[in-house]
file start-v2.txt (compact mmCIF, C-alpha atoms)
# COMPACT_ATOMS: atom_id res chain seq x y z
CA MET D 13 34.75 -25.98 44.77
CA THR D 14 35.29 -27.71 41.43
CA THR D 15 32.39 -30.08 42.10
CA TRP D 16 29.76 -27.64 43.34
CA TRP D 17 30.57 -24.43 41.46
CA PRO D 18 28.78 -25.59 38.28
CA TRP D 19 25.65 -25.93 40.42
CA ALA D 20 26.12 -22.35 41.63
CA ARG D 21 26.44 -21.20 38.03
CA LEU D 22 23.32 -23.14 37.07
CA THR D 23 21.38 -21.60 39.96
CA ALA D 24 22.49 -18.09 39.00
CA SER D 25 21.58 -18.77 35.38
CA LEU D 26 18.07 -19.96 36.22
CA LEU D 27 17.57 -17.02 38.59
CA GLY D 28 18.63 -14.63 35.82
CA PHE D 29 16.25 -16.21 33.31
CA ALA D 30 13.42 -16.09 35.87
CA ALA D 31 14.05 -12.41 36.59
CA ILE D 32 14.07 -11.52 32.89
CA ILE D 33 10.86 -13.46 32.23
CA ALA D 34 9.13 -11.92 35.25
CA GLN D 35 9.99 -8.37 34.19
CA LEU D 36 9.13 -9.04 30.53
CA THR D 37 5.74 -10.44 31.58
CA ARG D 38 5.03 -7.37 33.71
CA THR D 39 6.11 -5.03 30.92
CA LEU D 40 3.96 -6.71 28.27
CA THR D 41 0.99 -6.94 30.64
CA ASN D 42 1.17 -3.22 31.37
CA ALA D 43 1.44 -2.51 27.64
CA ALA D 44 -1.61 -4.65 26.88
CA GLN D 45 -3.58 -2.60 29.41
CA SER D 46 -2.44 0.75 28.04
CA THR D 47 -5.13 3.09 26.70
CA THR D 48 -2.85 4.75 24.14
CA GLU D 49 -1.93 3.52 20.67
CA TRP D 50 1.79 3.92 21.28
CA GLY D 51 1.70 2.45 24.77
CA SER D 52 -0.13 -0.70 23.66
CA HIS D 53 2.07 -1.42 20.64
CA LEU D 54 3.47 -4.74 21.87
CA PRO D 55 6.16 -5.22 19.18
CA THR D 56 7.74 -1.86 20.04
CA VAL D 57 7.47 -2.54 23.77
CA ALA D 58 9.09 -5.96 23.37
CA VAL D 59 11.96 -4.64 21.23
CA ASN D 60 12.47 -1.78 23.69
CA PHE D 61 12.69 -4.29 26.53
CA PHE D 62 15.47 -6.18 24.78
CA SER D 63 17.22 -2.91 23.95
CA PHE D 64 18.24 -2.28 27.55
CA PHE D 65 21.91 -3.00 28.15
CA THR D 66 20.95 -4.51 31.51
CA VAL D 67 18.55 -7.00 29.94
CA LEU D 68 20.93 -7.98 27.14
CA SER D 69 23.83 -8.36 29.57
CA ASN D 70 21.79 -10.47 31.97
CA LEU D 71 20.47 -12.62 29.13
CA ALA D 72 24.02 -13.20 27.85
CA ALA D 73 25.21 -13.91 31.40
CA ALA D 74 22.42 -16.44 32.03
CA ILE D 75 23.21 -18.22 28.76
CA MET D 76 26.98 -18.32 29.36
CA LEU D 77 26.62 -19.48 32.98
CA LEU D 78 24.40 -22.30 31.75
CA VAL D 79 26.90 -23.17 29.02
CA ALA D 80 29.75 -23.11 31.55
CA ALA D 81 27.86 -25.42 33.90
CA VAL D 82 27.10 -27.90 31.12
CA TRP D 83 30.73 -27.75 29.97
CA ALA D 84 31.93 -28.54 33.51
CA TRP D 85 29.71 -31.63 33.64
CA THR D 86 30.74 -32.90 30.20
CA SER D 87 34.06 -32.20 28.46
CA GLY D 88 35.27 -30.12 31.39
CA ARG D 89 35.52 -33.15 33.69
CA GLU D 90 38.86 -34.25 32.27
CA VAL D 91 40.64 -30.89 31.87
CA THR D 92 42.21 -28.41 34.26
CA ARG D 93 41.35 -25.21 32.36
CA GLU D 94 38.29 -23.95 30.54
CA PRO D 95 38.61 -23.49 26.74
CA ARG D 96 39.68 -20.08 25.50
CA TRP D 97 36.34 -19.27 23.86
CA LEU D 98 34.51 -19.93 27.12
CA ALA D 99 37.04 -17.91 29.11
CA VAL D 100 36.61 -14.90 26.80
CA MET D 101 32.81 -15.11 26.81
CA LEU D 102 32.71 -15.36 30.60
CA ALA D 103 35.05 -12.38 30.80
CA CYS D 104 32.69 -10.43 28.53
CA VAL D 105 29.53 -11.11 30.52
CA ALA D 106 31.35 -10.57 33.82
CA THR D 107 32.57 -7.18 32.62
CA TYR D 108 29.12 -6.13 31.42
CA MET D 109 27.37 -7.29 34.58
CA ILE D 110 29.87 -5.74 36.99
CA THR D 111 29.63 -2.46 35.04
CA THR D 112 25.83 -2.73 35.07
CA GLY D 113 25.87 -3.06 38.83
CA ILE D 114 28.14 -0.04 39.21
CA VAL D 115 26.22 2.20 36.77
CA TYR D 116 22.81 1.28 38.17
CA ASN D 117 23.71 1.80 41.79
CA VAL D 118 25.60 5.05 41.08
CA LEU D 119 23.39 6.70 38.43
CA LEU D 120 19.97 5.04 38.35
CA ARG D 121 18.98 3.61 41.73
CA GLY D 122 17.45 6.87 42.95
CA ILE D 123 15.27 7.39 39.87
CA GLU D 124 11.59 6.81 40.68
CA LEU D 125 9.80 4.60 38.17
CA PRO D 126 6.02 4.53 37.50
CA GLN D 127 4.17 2.48 40.10
CA GLY D 128 3.76 -1.12 38.98
CA SER D 129 6.22 -0.93 36.08
CA THR D 130 8.99 -2.88 37.79
CA VAL D 131 9.06 -6.26 39.52
CA PRO D 132 11.08 -5.40 42.67
CA TRP D 133 12.78 -8.76 43.22
CA SER D 134 13.60 -9.05 39.52
CA ASN D 135 15.10 -5.57 39.53
CA GLU D 136 17.42 -6.49 42.41
CA VAL D 137 18.43 -9.77 40.81
CA LEU D 138 19.31 -8.12 37.49
CA HIS D 139 21.13 -5.13 38.98
CA VAL D 140 22.69 -6.51 42.15
CA VAL D 141 22.60 -10.30 42.60
CA ILE D 142 23.86 -11.39 39.17
CA PRO D 143 26.55 -8.67 39.02
CA LEU D 144 27.82 -9.78 42.44
CA PHE D 145 27.77 -13.43 41.40
CA LEU D 146 29.79 -12.69 38.25
CA LEU D 147 32.29 -10.76 40.37
CA VAL D 148 32.70 -13.79 42.65
CA ASP D 149 32.94 -16.01 39.56
CA VAL D 150 35.85 -13.92 38.28
CA LEU D 151 37.61 -13.98 41.64
CA LEU D 152 37.13 -17.57 42.73
CA ALA D 153 35.68 -19.90 40.07
CA PRO D 154 37.82 -23.00 39.43
CA LYS D 155 39.47 -23.85 36.10
CA ARG D 156 39.61 -20.21 34.95
CA ARG D 157 42.08 -19.66 32.11
CA MET D 158 44.64 -16.86 31.82
CA LEU D 159 43.45 -14.30 29.26
CA SER D 160 45.62 -12.33 26.86
CA TRP D 161 45.27 -8.56 26.65
CA PRO D 162 43.80 -8.55 23.10
CA ALA D 163 40.67 -10.09 24.69
CA LEU D 164 39.91 -6.54 25.87
CA GLY D 165 39.01 -5.68 22.27
CA VAL D 166 36.45 -8.49 22.22
CA ILE D 167 35.01 -7.26 25.52
CA ALA D 168 34.64 -3.72 24.17
CA ALA D 169 32.97 -4.73 20.90
CA PHE D 170 29.42 -5.33 22.17
CA PRO D 171 29.05 -2.10 24.23
CA ILE D 172 30.23 -0.06 21.23
CA ALA D 173 27.73 -1.79 18.95
CA TRP D 174 24.96 -1.32 21.54
CA ALA D 175 25.66 2.42 21.90
CA ILE D 176 25.57 2.93 18.12
CA TYR D 177 22.36 0.91 17.81
CA THR D 178 20.72 2.82 20.67
CA LEU D 179 21.48 6.29 19.34
CA MET D 180 20.53 5.39 15.76
CA ARG D 181 17.24 3.78 16.78
CA ALA D 182 16.17 6.35 19.37
CA ASN D 183 14.57 8.86 17.00
CA LEU D 184 12.84 6.15 14.97
CA VAL D 185 10.69 4.97 17.89
CA THR D 186 7.67 6.51 19.58
CA SER D 187 8.02 6.28 23.35
CA PRO D 188 5.38 3.87 24.72
CA GLY D 189 5.33 5.76 28.01
CA SER D 190 4.95 9.36 26.86
CA GLY D 191 4.19 9.31 23.14
CA ALA D 192 7.31 11.37 22.47
CA PRO D 193 8.79 10.83 18.97
CA TYR D 194 11.92 9.26 20.44
CA TRP D 195 12.85 6.62 23.01
CA TYR D 196 16.05 6.13 24.98
CA PRO D 197 16.55 3.21 27.39
CA TYR D 198 18.29 5.35 30.03
CA PRO D 199 17.80 9.02 31.03
CA PHE D 200 21.51 9.83 30.75
CA LEU D 201 21.42 8.86 27.05
CA ASP D 202 18.48 11.19 26.32
CA PRO D 203 19.76 14.53 24.96
CA HIS D 204 16.40 16.08 25.84
CA LEU D 205 17.03 15.39 29.54
CA THR D 206 20.82 15.45 29.84
CA PRO D 207 22.41 18.87 30.43
CA GLY D 208 24.36 19.85 27.33
CA GLY D 209 22.25 17.70 25.01
CA TYR D 210 24.24 15.36 22.80
CA LEU D 211 27.50 16.73 24.21
CA GLY D 212 26.37 15.70 27.69
CA VAL D 213 25.31 12.29 26.36
CA ALA D 214 28.72 11.90 24.74
CA GLY D 215 30.32 12.60 28.11
CA TYR D 216 28.28 9.85 29.76
CA ILE D 217 29.10 7.41 26.95
CA VAL D 218 32.80 8.13 27.27
CA GLY D 219 32.60 7.73 31.04
CA ILE D 220 30.82 4.40 30.80
CA ALA D 221 33.21 3.24 28.07
CA VAL D 222 36.12 4.03 30.38
CA ALA D 223 34.38 2.08 33.16
CA ILE D 224 33.82 -0.94 30.89
CA ILE D 225 37.42 -0.92 29.70
CA ALA D 226 38.67 -0.54 33.26
CA VAL D 227 36.51 -3.40 34.53
CA GLY D 228 37.45 -5.56 31.54
CA ALA D 229 41.13 -4.84 32.13
CA GLY D 230 40.65 -5.79 35.77
CA VAL D 231 39.04 -9.10 34.79
CA ILE D 232 41.92 -9.90 32.45
CA TRP D 233 44.55 -8.80 34.98
CA TRP D 234 43.04 -11.01 37.67
CA SER D 235 42.97 -14.03 35.35
CA ARG D 236 46.67 -13.50 34.69
CA ARG D 237 47.44 -13.06 38.37
CA ARG D 238 45.64 -16.29 39.24
CA ALA D 239 47.57 -18.11 36.51
CA GLU D 240 50.88 -16.76 37.81
CA ALA D 241 49.96 -17.81 41.34
CA ARG D 242 49.19 -21.36 40.13
CA ALA D 243 52.49 -21.51 38.23
CA SER D 244 54.52 -20.48 41.26
CA ARG D 245 53.15 -23.23 43.50

call {"tool": "encode", "arguments": {"input": "start-v2.txt", "output": "C-alpha cells"}}
result
Amino acid sequence: MTTWWPWARLTASLLGFAAIIAQLTRTLTNAAQSTTEWGSHLPTVAVNFFSFFTVLSNLAAAIMLLVAAVWAWTSGREVTREPRWLAVMLACVATYMITTGIVYNVLLRGIELPQGSTVPWSNEVLHVVIPLFLLVDVLLAPKRRMLSWPALGVIAAFPIAWAIYTLMRANLVTSPGSGAPYWYPYPFLDPHLTPGGYLGVAGYIVGIAVAIIAVGAGVIWWSRRRAEARASR
C-alpha cells in the first residue's frame, strides 16, 4: 500500500481539481448568459463560487492530497511517518470533507436546483467521492502520524472563520440568482428561509460545529489508535 497509495491520492486530487473546474466553468458560463445586471456580474459570481464551504474544502483537499503524494515520492521515501504539519493538514481536510459529505446528503441532497446550474458528475465527486476517499485515507493510508488533541483547535479554526465571513458578507452582496439584496451559500444559513430567522440559523451553525468537532475528534482518535496498535506489535 505504501507504494501505490500516493498514486491514489494523486488521482483523487486531479479528480477534485477537474470537478471544481467543470462546475466553475458551468457557473461562469451561465452567468455570462444571464439577462440581468446582477446575474451577469462575473466577479460576484466567481467570489460566490469560492465562498461555498464545499468548494473551499474540496480545493484544500485536492491541494493537500497532491502535496502528500509529492512528499511520499520525495522526502517521504526514507521515513516511516509523515511530518506533523502534513498530518495536521490532512486531518483538517479529511474532517471538512467527511462533514461536507454528511451535511450534503442529510440536509441538501433533496433540494432541487435550477436546470443546468450543476454539473451532475462534478456534484457527486465533490459531495460523495472525495469525502469517501478522505475517509478511507484516514482509516488506511500508510505512514499516518499520531495526532495530539490540541490539533482539534487547528481543525476548528477554518470553519469558524468561514461562518463569520459568510454571515458578515451575506448582506453586502446582491444575489445573482434572484436579485435579492443578500446572498447565502446554503439555504439553512439564510434567515429569510430558515424557521426562526437568525436564531434558527444559529441552531444550524451550532449543529454543524458539533458535527465538525465530533468528526475531527474521531480523526484524531483513530490516528492515536493506529499508533497504539503499531506500538504493541

call {"tool": "closest_residue", "arguments": {"input": "start-v2.txt", "among": "D:Gly51, D:Gly88, D:Gly28, D:Gly212", "to": "D:Met76", "atoms": "only C-alpha atoms"}}
result
D:Gly28

call {"tool": "atom_distance", "arguments": {"input": "start-v2.txt", "atom1": "atom CA of D:Ala153", "atom2": "atom CA of D:Asn135"}}
result
25.1 Å

call {"tool": "residues_around", "arguments": {"input": "start-v2.txt", "residues": "stretch 182-187 of chain D", "least_positions_apart": "2", "cutoff": "10 Å", "atoms": "all atoms listed in the file", "output": "list in words"}}
result
Trp50, Gly51, His53, Thr56, Val57, Asn60, Tyr177, Thr178, Leu179, Met180, Gly189, Ser190, Gly191, Ala192, Pro193, Tyr194, Trp195, Tyr196, Pro197, Leu201 and Asp202 of chain D

call {"tool": "closest_residue", "arguments": {"input": "start-v2.txt", "among": "D:Thr206, D:Pro199, D:Trp17, D:Val150", "to": "D:Leu120", "atoms": "all atoms listed in the file"}}
result
D:Pro199

call {"tool": "atom_distance", "arguments": {"input": "start-v2.txt", "atom1": "atom CA of D:Ile176", "atom2": "atom CA of D:Ser63"}}
result
11.7 Å

call {"tool": "closest_residue", "arguments": {"input": "start-v2.txt", "among": "D:Thr112, D:Thr48, D:Thr107, D:Thr66", "to": "D:Val231", "atoms": "all atoms listed in the file"}}
result
D:Thr107

call {"tool": "closest_residue", "arguments": {"input": "start-v2.txt", "among": "D:Ala84, D:Ala24, D:Ala229, D:Ala30", "to": "D:Ser160", "atoms": "only C-alpha atoms"}}
result
D:Ala229

call {"tool": "closest_residue", "arguments": {"input": "start-v2.txt", "among": "D:Arg156, D:Gln45, D:Cys104, D:Pro203", "to": "D:Arg238", "atoms": "only C-alpha atoms"}}
result
D:Arg156

call {"tool": "closest_residue", "arguments": {"input": "start-v2.txt", "among": "D:Lys155, D:Leu68, D:Met109, D:Ala80", "to": "D:Leu22", "atoms": "only C-alpha atoms"}}
result
D:Ala80

call {"tool": "residues_around", "arguments": {"input": "start-v2.txt", "residues": "D:Asn70", "least_positions_apart": "2", "cutoff": "9 Å", "atoms": "only C-alpha atoms", "output": "PyMOL selection string"}}
result
chain D and resi 25+28-29+32+65-68+72-75+105+108-109+138-139+142-143

call {"tool": "write_last_selection", "arguments": {"input": "start-v2.txt", "atoms": "C-alpha atoms", "output": "PDB file, keeping the file's coordinate frame"}}
result
ATOM      1  CA  SER D  25      21.580 -18.770  35.380  1.00  0.00           C
ATOM      2  CA  GLY D  28      18.630 -14.630  35.820  1.00  0.00           C
ATOM      3  CA  PHE D  29      16.250 -16.210  33.310  1.00  0.00           C
ATOM      4  CA  ILE D  32      14.070 -11.520  32.890  1.00  0.00           C
ATOM      5  CA  PHE D  65      21.910  -3.000  28.150  1.00  0.00           C
ATOM      6  CA  THR D  66      20.950  -4.510  31.510  1.00  0.00           C
ATOM      7  CA  VAL D  67      18.550  -7.000  29.940  1.00  0.00           C
ATOM      8  CA  LEU D  68      20.930  -7.980  27.140  1.00  0.00           C
ATOM      9  CA  ALA D  72      24.020 -13.200  27.850  1.00  0.00           C
ATOM     10  CA  ALA D  73      25.210 -13.910  31.400  1.00  0.00           C
ATOM     11  CA  ALA D  74      22.420 -16.440  32.030  1.00  0.00           C
ATOM     12  CA  ILE D  75      23.210 -18.220  28.760  1.00  0.00           C
ATOM     13  CA  VAL D 105      29.530 -11.110  30.520  1.00  0.00           C
ATOM     14  CA  TYR D 108      29.120  -6.130  31.420  1.00  0.00           C
ATOM     15  CA  MET D 109      27.370  -7.290  34.580  1.00  0.00           C
ATOM     16  CA  LEU D 138      19.310  -8.120  37.490  1.00  0.00           C
ATOM     17  CA  HIS D 139      21.130  -5.130  38.980  1.00  0.00           C
ATOM     18  CA  ILE D 142      23.860 -11.390  39.170  1.00  0.00           C
ATOM     19  CA  PRO D 143      26.550  -8.670  39.020  1.00  0.00           C
TER      20      PRO D 143
END

call {"tool": "decode", "arguments": {"input": "start-v2.txt", "residues": "stretch 190-204 of chain D", "atoms": "all heavy atoms", "output": "JSON list (two decimals), in the first residue's frame"}}
result
[["chain", "number", "residue", "atom", "x", "y", "z"],
["D", 190, "SER", "N", -31.49, 35.79, -7.83],
["D", 190, "SER", "CA", -32.81, 36.39, -7.59],
["D", 190, "SER", "C", -32.80, 37.91, -7.58],
["D", 190, "SER", "O", -33.86, 38.53, -7.68],
["D", 190, "SER", "CB", -33.36, 35.89, -6.26],
["D", 190, "SER", "OG", -32.54, 36.35, -5.18],
["D", 191, "GLY", "N", -31.62, 38.51, -7.42],
["D", 191, "GLY", "CA", -31.57, 39.97, -7.29],
["D", 191, "GLY", "C", -31.85, 40.45, -5.89],
["D", 191, "GLY", "O", -31.91, 41.67, -5.65],
["D", 192, "ALA", "N", -32.03, 39.52, -4.95],
["D", 192, "ALA", "CA", -32.26, 39.90, -3.56],
["D", 192, "ALA", "C", -31.02, 40.60, -3.01],
["D", 192, "ALA", "O", -29.89, 40.30, -3.43],
["D", 192, "ALA", "CB", -32.57, 38.66, -2.72],
["D", 193, "PRO", "N", -31.20, 41.54, -2.06],
["D", 193, "PRO", "CA", -30.05, 42.30, -1.54],
["D", 193, "PRO", "C", -29.23, 41.52, -0.51],
["D", 193, "PRO", "O", -28.69, 42.12, 0.42],
["D", 193, "PRO", "CB", -30.71, 43.53, -0.92],
["D", 193, "PRO", "CG", -32.05, 43.04, -0.48],
["D", 193, "PRO", "CD", -32.48, 42.03, -1.52],
["D", 194, "TYR", "N", -29.14, 40.25, -0.68],
["D", 194, "TYR", "CA", -28.34, 39.40, 0.21],
["D", 194, "TYR", "C", -28.07, 38.08, -0.52],
["D", 194, "TYR", "O", -28.79, 37.72, -1.48],
["D", 194, "TYR", "CB", -29.06, 39.13, 1.54],
["D", 194, "TYR", "CG", -30.47, 38.61, 1.36],
["D", 194, "TYR", "CD1", -30.73, 37.26, 1.13],
["D", 194, "TYR", "CD2", -31.57, 39.49, 1.40],
["D", 194, "TYR", "CE1", -32.02, 36.78, 0.96],
["D", 194, "TYR", "CE2", -32.85, 39.02, 1.22],
["D", 194, "TYR", "CZ", -33.07, 37.67, 1.00],
["D", 194, "TYR", "OH", -34.36, 37.21, 0.81],
["D", 195, "TRP", "N", -27.03, 37.38, -0.09],
["D", 195, "TRP", "CA", -26.72, 36.08, -0.69],
["D", 195, "TRP", "C", -26.09, 35.17, 0.36],
["D", 195, "TRP", "O", -25.12, 35.55, 1.02],
["D", 195, "TRP", "CB", -25.75, 36.23, -1.86],
["D", 195, "TRP", "CG", -25.41, 34.91, -2.50],
["D", 195, "TRP", "CD1", -26.11, 34.27, -3.47],
["D", 195, "TRP", "CD2", -24.26, 34.08, -2.22],
["D", 195, "TRP", "NE1", -25.49, 33.09, -3.81],
["D", 195, "TRP", "CE2", -24.35, 32.95, -3.05],
["D", 195, "TRP", "CE3", -23.19, 34.21, -1.35],
["D", 195, "TRP", "CZ2", -23.41, 31.94, -3.04],
["D", 195, "TRP", "CZ3", -22.24, 33.19, -1.32],
["D", 195, "TRP", "CH2", -22.36, 32.07, -2.17],
["D", 196, "TYR", "N", -26.66, 33.99, 0.50],
["D", 196, "TYR", "CA", -26.13, 32.98, 1.41],
["D", 196, "TYR", "C", -25.82, 31.73, 0.60],
["D", 196, "TYR", "O", -26.61, 31.34, -0.28],
["D", 196, "TYR", "CB", -27.16, 32.63, 2.50],
["D", 196, "TYR", "CG", -27.43, 33.77, 3.45],
["D", 196, "TYR", "CD1", -28.40, 34.73, 3.14],
["D", 196, "TYR", "CD2", -26.74, 33.89, 4.64],
["D", 196, "TYR", "CE1", -28.65, 35.79, 3.99],
["D", 196, "TYR", "CE2", -26.99, 34.95, 5.51],
["D", 196, "TYR", "CZ", -27.95, 35.89, 5.18],
["D", 196, "TYR", "OH", -28.20, 36.94, 6.03],
["D", 197, "PRO", "N", -24.70, 31.07, 0.87],
["D", 197, "PRO", "CA", -24.32, 29.90, 0.07],
["D", 197, "PRO", "C", -25.23, 28.69, 0.27],
["D", 197, "PRO", "O", -25.33, 27.85, -0.62],
["D", 197, "PRO", "CB", -22.88, 29.61, 0.53],
["D", 197, "PRO", "CG", -22.79, 30.22, 1.90],
["D", 197, "PRO", "CD", -23.67, 31.42, 1.86],
["D", 198, "TYR", "N", -25.87, 28.60, 1.45],
["D", 198, "TYR", "CA", -26.73, 27.44, 1.73],
["D", 198, "TYR", "C", -28.05, 27.91, 2.33],
["D", 198, "TYR", "O", -28.06, 28.86, 3.14],
["D", 198, "TYR", "CB", -26.03, 26.48, 2.71],
["D", 198, "TYR", "CG", -24.70, 25.98, 2.20],
["D", 198, "TYR", "CD1", -23.50, 26.49, 2.72],
["D", 198, "TYR", "CD2", -24.64, 25.04, 1.18],
["D", 198, "TYR", "CE1", -22.28, 26.04, 2.25],
["D", 198, "TYR", "CE2", -23.42, 24.59, 0.69],
["D", 198, "TYR", "CZ", -22.24, 25.09, 1.23],
["D", 198, "TYR", "OH", -21.04, 24.65, 0.74],
["D", 199, "PRO", "N", -29.16, 27.26, 1.98],
["D", 199, "PRO", "CA", -30.47, 27.68, 2.48],
["D", 199, "PRO", "C", -30.57, 27.71, 4.01],
["D", 199, "PRO", "O", -31.23, 28.58, 4.57],
["D", 199, "PRO", "CB", -31.42, 26.63, 1.89],
["D", 199, "PRO", "CG", -30.70, 26.08, 0.71],
["D", 199, "PRO", "CD", -29.25, 26.13, 1.05],
["D", 200, "PHE", "N", -29.91, 26.76, 4.68],
["D", 200, "PHE", "CA", -30.04, 26.71, 6.14],
["D", 200, "PHE", "C", -29.30, 27.85, 6.84],
["D", 200, "PHE", "O", -29.45, 28.05, 8.05],
["D", 200, "PHE", "CB", -29.57, 25.36, 6.69],
["D", 200, "PHE", "CG", -28.18, 24.96, 6.31],
["D", 200, "PHE", "CD1", -27.09, 25.45, 7.00],
["D", 200, "PHE", "CD2", -27.96, 24.08, 5.26],
["D", 200, "PHE", "CE1", -25.80, 25.09, 6.66],
["D", 200, "PHE", "CE2", -26.67, 23.71, 4.90],
["D", 200, "PHE", "CZ", -25.59, 24.21, 5.60],
["D", 201, "LEU", "N", -28.48, 28.62, 6.09],
["D", 201, "LEU", "CA", -27.82, 29.79, 6.66],
["D", 201, "LEU", "C", -28.59, 31.08, 6.37],
["D", 201, "LEU", "O", -28.22, 32.14, 6.88],
["D", 201, "LEU", "CB", -26.40, 29.92, 6.11],
["D", 201, "LEU", "CG", -25.39, 28.86, 6.53],
["D", 201, "LEU", "CD1", -24.04, 29.14, 5.88],
["D", 201, "LEU", "CD2", -25.24, 28.80, 8.04],
["D", 202, "ASP", "N", -29.64, 30.99, 5.58],
["D", 202, "ASP", "CA", -30.42, 32.16, 5.18],
["D", 202, "ASP", "C", -31.54, 32.40, 6.20],
["D", 202, "ASP", "O", -32.49, 31.62, 6.28],
["D", 202, "ASP", "CB", -31.01, 31.93, 3.79],
["D", 202, "ASP", "CG", -31.68, 33.17, 3.23],
["D", 202, "ASP", "OD1", -31.95, 34.11, 4.01],
["D", 202, "ASP", "OD2", -31.96, 33.21, 2.02],
["D", 203, "PRO", "N", -31.46, 33.47, 6.98],
["D", 203, "PRO", "CA", -32.50, 33.74, 7.98],
["D", 203, "PRO", "C", -33.86, 34.06, 7.37],
["D", 203, "PRO", "O", -34.88, 34.00, 8.06],
["D", 203, "PRO", "CB", -31.94, 34.94, 8.76],
["D", 203, "PRO", "CG", -31.02, 35.61, 7.79],
["D", 203, "PRO", "CD", -30.41, 34.51, 6.98],
["D", 204, "HIS", "N", -33.88, 34.38, 6.07],
["D", 204, "HIS", "CA", -35.15, 34.65, 5.40],
["D", 204, "HIS", "C", -35.88, 33.35, 5.05],
["D", 204, "HIS", "O", -37.08, 33.37, 4.78],
["D", 204, "HIS", "CB", -34.90, 35.45, 4.12],
["D", 204, "HIS", "CG", -34.15, 36.73, 4.35],
["D", 204, "HIS", "ND1", -32.77, 36.78, 4.34],
["D", 204, "HIS", "CD2", -34.58, 37.99, 4.60],
["D", 204, "HIS", "CE1", -32.38, 38.03, 4.56],
["D", 204, "HIS", "NE2", -33.44, 38.78, 4.72]]
